[in-house]
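Visitor: Just coords_11.cif, nothing more (mmCIF, C-alpha atoms):
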data_target
loop_
_atom_site.label_atom_id
_atom_site.label_comp_id
_atom_site.auth_asym_id
_atom_site.auth_seq_id
_atom_site.Cartn_x
_atom_site.Cartn_y
_atom_site.Cartn_z
CA MET A 1 -3.30 -23.93 8.71
CA VAL A 2 -2.03 -20.47 7.75
CA GLU A 3 -3.04 -19.32 4.27
CA PRO A 4 -0.60 -16.97 2.49
CA PRO A 5 -2.10 -13.46 2.20
CA ALA A 6 -1.93 -13.41 -1.61
CA GLU A 7 -3.89 -16.64 -1.86
CA LEU A 8 -6.49 -15.64 0.72
CA TYR A 9 -7.18 -12.17 -0.62
CA GLY A 10 -6.99 -13.33 -4.21
CA ARG A 11 -9.89 -15.74 -3.77
CA VAL A 12 -12.14 -13.20 -1.99
CA ALA A 13 -11.56 -10.25 -4.33
CA GLU A 14 -15.21 -9.63 -5.18
CA GLU A 15 -16.44 -9.90 -1.60
CA PHE A 16 -13.54 -7.79 -0.35
CA ASP A 17 -14.41 -5.09 -2.87
CA SER A 18 -18.08 -5.11 -1.85
CA ARG A 19 -17.12 -4.43 1.78
CA THR A 20 -14.36 -1.88 1.35
CA GLY A 21 -15.70 0.91 -0.86
CA LEU A 22 -14.40 4.39 -0.12
CA GLU A 23 -17.79 5.31 1.27
CA ASP A 24 -17.47 2.45 3.78
CA LEU A 25 -14.10 3.57 5.12
CA PRO A 26 -13.40 6.15 7.84
CA ALA A 27 -13.28 9.79 6.84
CA SER A 28 -9.67 9.82 8.02
CA PHE A 29 -8.70 7.34 5.29
CA ARG A 30 -10.40 9.40 2.61
CA ALA A 31 -8.57 12.47 3.94
CA LEU A 32 -5.27 10.57 3.73
CA LEU A 33 -6.03 9.66 0.12
CA GLU A 34 -6.96 13.22 -0.75
CA SER A 35 -3.87 14.69 0.92
CA PHE A 36 -1.66 12.28 -1.02
CA VAL A 37 -3.18 13.46 -4.31
CA GLU A 38 -2.69 17.08 -3.32
CA THR A 39 1.03 16.59 -2.64
CA LEU A 40 1.74 15.00 -6.04
CA ASP A 41 3.79 16.99 -8.52
CA GLY A 42 3.02 14.76 -11.48
CA PRO A 43 0.46 12.20 -12.67
CA ARG A 44 2.37 8.91 -12.41
CA VAL A 45 1.26 6.91 -9.37
CA LEU A 46 2.16 3.41 -8.25
CA ASP A 47 -0.68 1.85 -6.26
CA ALA A 48 1.38 -0.77 -4.44
CA GLY A 49 -0.85 -3.57 -3.20
CA CYS A 50 -3.78 -2.28 -5.23
CA GLY A 51 -6.25 -5.01 -4.30
CA PRO A 52 -9.46 -4.73 -6.34
CA GLY A 53 -8.47 -1.38 -7.82
CA ARG A 54 -10.56 0.94 -5.67
CA ASP A 55 -7.86 3.56 -5.08
CA ALA A 56 -6.39 3.31 -8.58
CA ALA A 57 -9.87 4.07 -9.98
CA TYR A 58 -10.01 7.10 -7.68
CA PHE A 59 -6.68 8.27 -9.06
CA VAL A 60 -7.99 7.88 -12.63
CA ASP A 61 -11.02 9.99 -11.69
CA ARG A 62 -8.64 12.67 -10.45
CA GLY A 63 -6.87 12.78 -13.81
CA LEU A 64 -3.82 10.81 -12.73
CA ASP A 65 -2.04 7.93 -14.47
CA PRO A 66 -1.89 5.05 -11.95
CA VAL A 67 -0.45 1.57 -12.25
CA GLY A 68 -1.80 -0.92 -9.72
CA VAL A 69 0.32 -3.89 -8.66
CA ASP A 70 -0.59 -6.76 -6.39
CA ARG A 71 0.81 -10.20 -5.65
CA ALA A 72 -2.70 -11.70 -5.49
CA SER A 73 -3.58 -12.80 -9.01
CA GLY A 74 -7.29 -12.86 -8.13
CA MET A 75 -7.17 -9.19 -7.15
CA VAL A 76 -5.36 -8.20 -10.33
CA GLU A 77 -7.81 -10.12 -12.52
CA TYR A 78 -10.78 -8.59 -10.70
CA ALA A 79 -9.38 -5.06 -11.02
CA ARG A 80 -8.76 -5.51 -14.74
CA ARG A 81 -12.37 -6.58 -15.27
CA ASN A 82 -14.01 -3.95 -13.11
CA ARG A 83 -11.88 -0.82 -12.83
CA PRO A 84 -10.16 1.67 -15.12
CA GLY A 85 -6.39 1.79 -15.04
CA ARG A 86 -3.51 -0.63 -15.58
CA TYR A 87 -2.98 -3.62 -13.27
CA LEU A 88 -0.04 -5.99 -13.03
CA ARG A 89 0.72 -9.00 -10.86
CA MET A 90 3.91 -8.10 -9.06
CA ASP A 91 5.77 -8.64 -5.80
CA LEU A 92 6.41 -5.40 -3.90
CA ARG A 93 9.92 -6.62 -3.12
CA HIS A 94 10.81 -6.92 -6.80
CA LEU A 95 9.14 -4.16 -8.81
CA GLY A 96 9.52 -4.45 -12.57
CA PHE A 97 9.88 -0.73 -13.23
CA ALA A 98 12.85 1.46 -14.06
CA ALA A 99 14.23 3.91 -11.53
CA ASN A 100 12.45 7.27 -11.33
CA SER A 101 9.28 5.90 -12.97
CA PHE A 102 6.71 7.46 -10.62
CA ASP A 103 5.77 10.75 -9.00
CA GLY A 104 4.08 9.03 -6.07
CA VAL A 105 3.78 5.65 -4.35
CA TRP A 106 0.60 4.79 -2.47
CA CYS A 107 0.78 1.77 -0.15
CA PRO A 108 -1.65 2.20 2.76
CA ALA A 109 -2.33 -1.44 3.66
CA SER A 110 -0.03 -4.01 2.09
CA VAL A 111 3.56 -3.86 3.29
CA PHE A 112 2.70 -5.55 6.58
CA PHE A 113 1.92 -8.79 4.75
CA VAL A 114 5.61 -9.49 4.12
CA PRO A 115 8.23 -10.41 6.75
CA TYR A 116 10.48 -7.65 8.06
CA GLU A 117 13.28 -8.29 5.55
CA GLY A 118 10.61 -8.11 2.87
CA MET A 119 9.31 -4.81 4.23
CA ALA A 120 12.80 -3.35 3.97
CA ALA A 121 13.16 -4.65 0.41
CA ALA A 122 9.76 -3.24 -0.60
CA LEU A 123 10.55 0.17 0.86
CA ALA A 124 13.88 0.23 -0.96
CA GLU A 125 12.02 -0.57 -4.18
CA PHE A 126 9.53 2.24 -3.54
CA GLU A 127 12.43 4.66 -3.13
CA ARG A 128 14.10 3.36 -6.29
CA VAL A 129 11.08 3.75 -8.57
CA LEU A 130 10.20 7.22 -7.25
CA ARG A 131 11.66 10.22 -8.98
CA PRO A 132 13.73 12.58 -6.81
CA GLY A 133 11.31 14.59 -4.69
CA GLY A 134 8.50 12.07 -5.26
CA VAL A 135 6.13 11.35 -2.39
CA ALA A 136 5.02 8.13 -0.74
CA ARG A 137 2.42 7.12 1.81
CA VAL A 138 3.07 3.80 3.53
CA GLY A 139 0.84 2.21 6.16
CA PHE A 140 2.07 -0.19 8.84
CA LYS A 141 0.18 -2.11 11.51
CA THR A 142 1.63 -1.50 14.93
CA GLY A 143 2.35 -4.29 17.37
CA ASP A 144 4.99 -6.73 18.47
CA GLY A 145 5.86 -9.10 15.70
CA ARG A 146 4.44 -11.87 13.55
CA ARG A 147 0.72 -12.30 14.10
CA GLU A 148 -1.67 -14.98 12.87
CA VAL A 149 -5.03 -13.34 12.24
CA GLU A 150 -8.47 -14.63 11.31
CA LYS A 151 -9.70 -13.21 8.02
CA TRP A 152 -12.47 -14.31 5.67
CA ASP A 153 -13.06 -17.66 7.41
CA SER A 154 -9.36 -18.43 7.25
CA VAL A 155 -6.12 -17.64 9.05
CA THR A 156 -3.31 -15.60 7.52
CA VAL A 157 -0.23 -13.81 8.80
CA GLU A 158 0.74 -10.17 9.29
CA TYR A 159 3.91 -8.54 10.56
CA ARG A 160 3.55 -5.69 13.01
CA LEU A 161 6.08 -3.32 14.51
CA SER A 162 6.36 -0.22 16.65
CA VAL A 163 5.88 3.29 15.31
CA ASP A 164 9.56 4.05 15.95
CA CYS A 165 10.62 0.92 14.04
CA ALA A 166 8.38 1.85 11.13
CA ARG A 167 9.96 5.30 10.95
CA GLU A 168 13.45 3.85 11.18
CA MET A 169 12.74 1.33 8.43
CA VAL A 170 11.44 4.03 6.09
CA GLU A 171 14.47 6.21 6.78
CA ALA A 172 16.84 3.26 6.26
CA ALA A 173 15.33 2.82 2.77
CA GLY A 174 16.52 6.33 1.91
CA PHE A 175 13.36 8.36 2.46
CA ASP A 176 12.96 11.65 4.29
CA VAL A 177 10.07 11.18 6.75
CA GLU A 178 7.74 14.18 6.76
CA SER A 179 5.21 12.95 9.31
CA VAL A 180 3.75 9.88 11.01
CA SER A 181 0.08 9.71 11.96
CA VAL A 182 -1.27 6.96 14.21
CA GLU A 183 -4.90 5.88 14.14
CA GLU A 184 -6.87 3.09 15.77
CA ALA A 185 -9.33 1.34 13.47
CA ALA A 186 -12.78 0.18 14.56
CA SER A 187 -11.35 -3.34 14.80
CA GLY A 188 -8.89 -2.18 17.43
CA THR A 189 -5.90 -2.45 15.11
CA THR A 190 -3.60 0.57 15.16
CA PHE A 191 -2.12 1.88 11.93
CA ALA A 192 0.96 4.07 11.53
CA ASN A 193 0.73 6.07 8.31
CA VAL A 194 4.10 7.40 7.20
CA GLU A 195 4.32 10.38 4.86
CA CYS A 196 7.74 10.45 3.22
CA THR A 197 9.67 11.91 0.30
CA ALA A 198 12.41 10.58 -1.92
CA PRO A 199 15.54 12.74 -1.65
CA GLY A 200 15.78 15.50 -4.21
CA PRO A 201 18.41 15.74 -6.94
#
Go ahead and express the file in the form of structure tokens.
Guide:
Amino acid sequence: MVEPPAELYGRVAEEFDSRTGLEDLPASFRALLESFVETLDGPRVLDAGCGPGRDAAYFVDRGLDPVGVDRASGMVEYARRNRPGRYLRMDLRHLGFAANSFDGVWCPASVFFVPYEGMAAALAEFERVLRPGGVARVGFKTGDGRREVEKWDSVTVEYRLSVDCAREMVEAAGFDVESVSVEEAASGTTFANVECTAPGP
């Protein structure tokens, strides 16, 4: 039986956090995080799919003003108890923020948990809540469609697509794509990390 991602990750928040500290991740991910911070032209950051709050806490340490959102209630509750910053339970496809609310959107590993129509809706929401000229980093898993994957002694679902499709989807949401970097993780999964900008005024 397939367990929805929000339910699965919500119930393993503490264990997930213990295994995914910044020091446990590849140097390339930390470099991606650092480069995102360096491109920001303001302090307001949306950590979209914030999980246990690891990256939002990093943003706080860097003097930024992040808001973390996640659909998994267990992740949001864990982050509120253990990390600095503000955390809200929210669906990426329906963000409860006004237009132009953020200087940056950080979403390295969440958008691939929603079906393709949902990805498009989430990307459109990212573009809407970014101020003109704001920056976003969005991570996709590459592959050929819906995939059932074993995670945390369960089975959940991810949605994968080609690098070209990821770029096209980001552009269709209204973003200007600055670059796309592709990296294979130790697990063998390939990520496409898209650096993009909301159109200027």
Visitor: Enclose all atoms of segment 137-148 of chain A listed in the file in an axis-aligned box, grow every side by 5 Å, and hand back centre and edge lengths in Å to one decimal, as lines of an AutoDock Vina configuration file.
Guide:
center_x = 2.1
center_y = -3.9
center_z = 10.1
size_x = 17.5
size_y = 32.1
size_z = 26.7
Visitor: Write out as CSV the residues of segment 40-69 of chain A that have any atom within 10 Å of an atom of segment 92-99 of chain A, one row each with the nearest atom pair and its distance in Å to one decimal, counting only C-alpha atoms, sorted by chain and then rising number.
Guide:
residue,atom,partner,partner_atom,distance
A:Ala48,CA,A:Leu92,CA,6.9
A:Gly49,CA,A:Leu92,CA,7.5
A:Val69,CA,A:Leu92,CA,7.9
Visitor: Run the PyMOL selection byres ((chain A and resi 41) around 12) on the file and write out the hits as a short mmCIF file (atom, residue, chain, number, x, y, z; two decimals) with C-alpha atoms, in the frame of the given file.
Guide:
data_model
loop_
_atom_site.label_atom_id
_atom_site.label_comp_id
_atom_site.auth_asym_id
_atom_site.auth_seq_id
_atom_site.Cartn_x
_atom_site.Cartn_y
_atom_site.Cartn_z
CA PHE A 36 -1.66 12.28 -1.02
CA VAL A 37 -3.18 13.46 -4.31
CA GLU A 38 -2.69 17.08 -3.32
CA THR A 39 1.03 16.59 -2.64
CA LEU A 40 1.74 15.00 -6.04
CA GLY A 42 3.02 14.76 -11.48
CA PRO A 43 0.46 12.20 -12.67
CA ARG A 44 2.37 8.91 -12.41
CA VAL A 45 1.26 6.91 -9.37
CA LEU A 64 -3.82 10.81 -12.73
CA PHE A 102 6.71 7.46 -10.62
CA ASP A 103 5.77 10.75 -9.00
CA GLY A 104 4.08 9.03 -6.07
CA LEU A 130 10.20 7.22 -7.25
CA ARG A 131 11.66 10.22 -8.98
CA PRO A 132 13.73 12.58 -6.81
CA GLY A 133 11.31 14.59 -4.69
CA GLY A 134 8.50 12.07 -5.26
CA VAL A 135 6.13 11.35 -2.39
CA ALA A 136 5.02 8.13 -0.74
CA THR A 197 9.67 11.91 0.30
#
Visitor: Considering all atoms listed in the file, can you say which of A:Thr142, A:Phe175, A:Pro84, A:Pro4 comes closest to Ala124 of chain A?
Guide: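 Of the candidates, the smallest distance to Ala124 of chain A is held by A:Phe175.
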Visitor: Could you tell me which of A:Ala173, A:Glu168, A:Ser18, A:Glu150 comes closest to Ala122 of chain A if we count only C-alpha atoms?
Guide: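 Once distances to Ala122 of chain A are computed over only C-alpha atoms, the minimum belongs to A:Ala173.
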Visitor: When the PyMOL selection byres ((chain A and resi 193) around 6) is applied to the structure above, which residues does it catch, written out as a list of chain:residue names?
Guide: A:Val138, A:Gly139, A:Val180, A:Ser181, A:Ala192, A:Val194
Visitor: Which residue is closest to Leu88 of chain A? Choose from A:Asp55, A:Glu23, A:Asp61, A:Asp47 and count all atoms listed in the file.
Guide: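 Smallest separation from Leu88 of chain A among the options: A:Asp47.
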Visitor: Go through A:Gly51, A:Gly63, A:Pro108, A:Pro5 one by one, measure the shortest atom-to-atom distance of each to Phe140 of chain A using all atoms listed in the file, and give the residue with the smallest value.
Guide: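 Of all the options, A:Pro108 lies closest to Phe140 of chain A.
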Visitor: Neighbours of segment 156-163 of chain A within 9 Å (all atoms listed in the file; same-chain residues fewer than 3 positions away dropped), as a PyMOL selection string?
Guide: chain A and resi 1-5+8+111-116+140-151+166-168+180+182+191-192
Visitor: Mind giving me the straight-line distance from atom CA of Val105 of chain A to atom CA of Leu46 of chain A in Å, one decimal?
Guide: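 If I compute the distance from atom CA of Val105 of chain A to atom CA of Leu46 of chain A, I get 4.8 Å.
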Visitor: What gap, in Å, lies between atom CA of Trp106 of chain A and atom CA of Asp153 of chain A?
Guide: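 Distance between the two atoms: 28.1 Å.
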Visitor: Quick one: pull the distance between atom CA of Ala120 of chain A and atom CA of Ser101 of chain A, Å, one decimal.
Guide: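 Here the two named atoms are 19.6 Å from each other.
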Visitor: From the options A:Trp152, A:Phe59, A:Arg71, A:Phe126, which residue's atoms come nearest to Glu34 of chain A, counting only C-alpha atoms?
Guide: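 The shortest atom-to-atom distance to Glu34 of chain A comes from A:Phe59.
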Visitor: Tell me which of A:Val76, A:Asp65, A:Met119, A:Val177 sits closest to Val12 of chain A, counting only C-alpha atoms.
Guide: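 Comparing A:Val76, A:Asp65, A:Met119, A:Val177 against Val12 of chain A, the winner is A:Val76.
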Visitor: List the residues matched by the PyMOL selection byres ((chain A and resi 17) around 10) in the displayed structure as a PyMOL selection string, ordered by chain and then by residue number.
Guide: chain A and resi 12-16+18-22+51-54+75+78-79
Visitor: Restore N, CA and C atoms in segment 124-144 of chain A and list the result as a PDB file, keeping the file's coordinate frame.
Guide:
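File written: selection_33.pdb
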ATOM      1  N   ALA A 124      12.757  -0.144  -0.098  1.00  0.00           N
ATOM      2  CA  ALA A 124      13.880   0.230  -0.960  1.00  0.00           C
ATOM      3  C   ALA A 124      13.438   0.302  -2.425  1.00  0.00           C
ATOM      4  N   GLU A 125      12.553  -0.606  -2.827  1.00  0.00           N
ATOM      5  CA  GLU A 125      12.020  -0.570  -4.180  1.00  0.00           C
ATOM      6  C   GLU A 125      11.150   0.666  -4.410  1.00  0.00           C
ATOM      7  N   PHE A 126      10.340   1.024  -3.414  1.00  0.00           N
ATOM      8  CA  PHE A 126       9.530   2.240  -3.540  1.00  0.00           C
ATOM      9  C   PHE A 126      10.440   3.451  -3.777  1.00  0.00           C
ATOM     10  N   GLU A 127      11.511   3.524  -2.998  1.00  0.00           N
ATOM     11  CA  GLU A 127      12.430   4.660  -3.130  1.00  0.00           C
ATOM     12  C   GLU A 127      13.093   4.659  -4.499  1.00  0.00           C
ATOM     13  N   ARG A 128      13.434   3.476  -4.983  1.00  0.00           N
ATOM     14  CA  ARG A 128      14.100   3.360  -6.290  1.00  0.00           C
ATOM     15  C   ARG A 128      13.231   3.821  -7.430  1.00  0.00           C
ATOM     16  N   VAL A 129      11.949   3.429  -7.424  1.00  0.00           N
ATOM     17  CA  VAL A 129      11.080   3.750  -8.570  1.00  0.00           C
ATOM     18  C   VAL A 129      10.504   5.160  -8.501  1.00  0.00           C
ATOM     19  N   LEU A 130      10.652   5.836  -7.363  1.00  0.00           N
ATOM     20  CA  LEU A 130      10.200   7.220  -7.250  1.00  0.00           C
ATOM     21  C   LEU A 130      11.225   8.169  -7.863  1.00  0.00           C
ATOM     22  N   ARG A 131      10.744   9.179  -8.513  1.00  0.00           N
ATOM     23  CA  ARG A 131      11.660  10.220  -8.980  1.00  0.00           C
ATOM     24  C   ARG A 131      12.150  11.027  -7.783  1.00  0.00           C
ATOM     25  N   PRO A 132      13.280  11.716  -7.900  1.00  0.00           N
ATOM     26  CA  PRO A 132      13.730  12.580  -6.810  1.00  0.00           C
ATOM     27  C   PRO A 132      12.653  13.604  -6.434  1.00  0.00           C
ATOM     28  N   GLY A 133      12.369  13.698  -5.164  1.00  0.00           N
ATOM     29  CA  GLY A 133      11.310  14.590  -4.690  1.00  0.00           C
ATOM     30  C   GLY A 133       9.929  13.982  -4.723  1.00  0.00           C
ATOM     31  N   GLY A 134       9.796  12.751  -5.240  1.00  0.00           N
ATOM     32  CA  GLY A 134       8.500  12.070  -5.260  1.00  0.00           C
ATOM     33  C   GLY A 134       8.021  11.745  -3.855  1.00  0.00           C
ATOM     34  N   VAL A 135       6.723  11.549  -3.714  1.00  0.00           N
ATOM     35  CA  VAL A 135       6.130  11.350  -2.390  1.00  0.00           C
ATOM     36  C   VAL A 135       5.588   9.930  -2.254  1.00  0.00           C
ATOM     37  N   ALA A 136       5.577   9.446  -1.022  1.00  0.00           N
ATOM     38  CA  ALA A 136       5.020   8.130  -0.740  1.00  0.00           C
ATOM     39  C   ALA A 136       4.214   8.188   0.542  1.00  0.00           C
ATOM     40  N   ARG A 137       3.203   7.336   0.595  1.00  0.00           N
ATOM     41  CA  ARG A 137       2.420   7.120   1.810  1.00  0.00           C
ATOM     42  C   ARG A 137       2.423   5.614   2.059  1.00  0.00           C
ATOM     43  N   VAL A 138       2.945   5.216   3.211  1.00  0.00           N
ATOM     44  CA  VAL A 138       3.070   3.800   3.530  1.00  0.00           C
ATOM     45  C   VAL A 138       2.423   3.543   4.885  1.00  0.00           C
ATOM     46  N   GLY A 139       1.534   2.550   4.933  1.00  0.00           N
ATOM     47  CA  GLY A 139       0.840   2.210   6.160  1.00  0.00           C
ATOM     48  C   GLY A 139       1.371   0.927   6.777  1.00  0.00           C
ATOM     49  N   PHE A 140       1.634   0.969   8.075  1.00  0.00           N
ATOM     50  CA  PHE A 140       2.070  -0.190   8.840  1.00  0.00           C
ATOM     51  C   PHE A 140       1.020  -0.510   9.896  1.00  0.00           C
ATOM     52  N   LYS A 141       0.955  -1.768  10.329  1.00  0.00           N
ATOM     53  CA  LYS A 141       0.180  -2.110  11.510  1.00  0.00           C
ATOM     54  C   LYS A 141       1.130  -2.188  12.691  1.00  0.00           C
ATOM     55  N   THR A 142       0.742  -1.538  13.773  1.00  0.00           N
ATOM     56  CA  THR A 142       1.630  -1.500  14.930  1.00  0.00           C
ATOM     57  C   THR A 142       1.389  -2.710  15.817  1.00  0.00           C
ATOM     58  N   GLY A 143       2.439  -3.138  16.498  1.00  0.00           N
ATOM     59  CA  GLY A 143       2.350  -4.290  17.370  1.00  0.00           C
ATOM     60  C   GLY A 143       3.722  -4.867  17.614  1.00  0.00           C
ATOM     61  N   ASP A 144       3.747  -6.152  17.970  1.00  0.00           N
ATOM     62  CA  ASP A 144       4.990  -6.730  18.470  1.00  0.00           C
ATOM     63  C   ASP A 144       5.415  -7.987  17.734  1.00  0.00           C
TER      64      ASP A 144
END
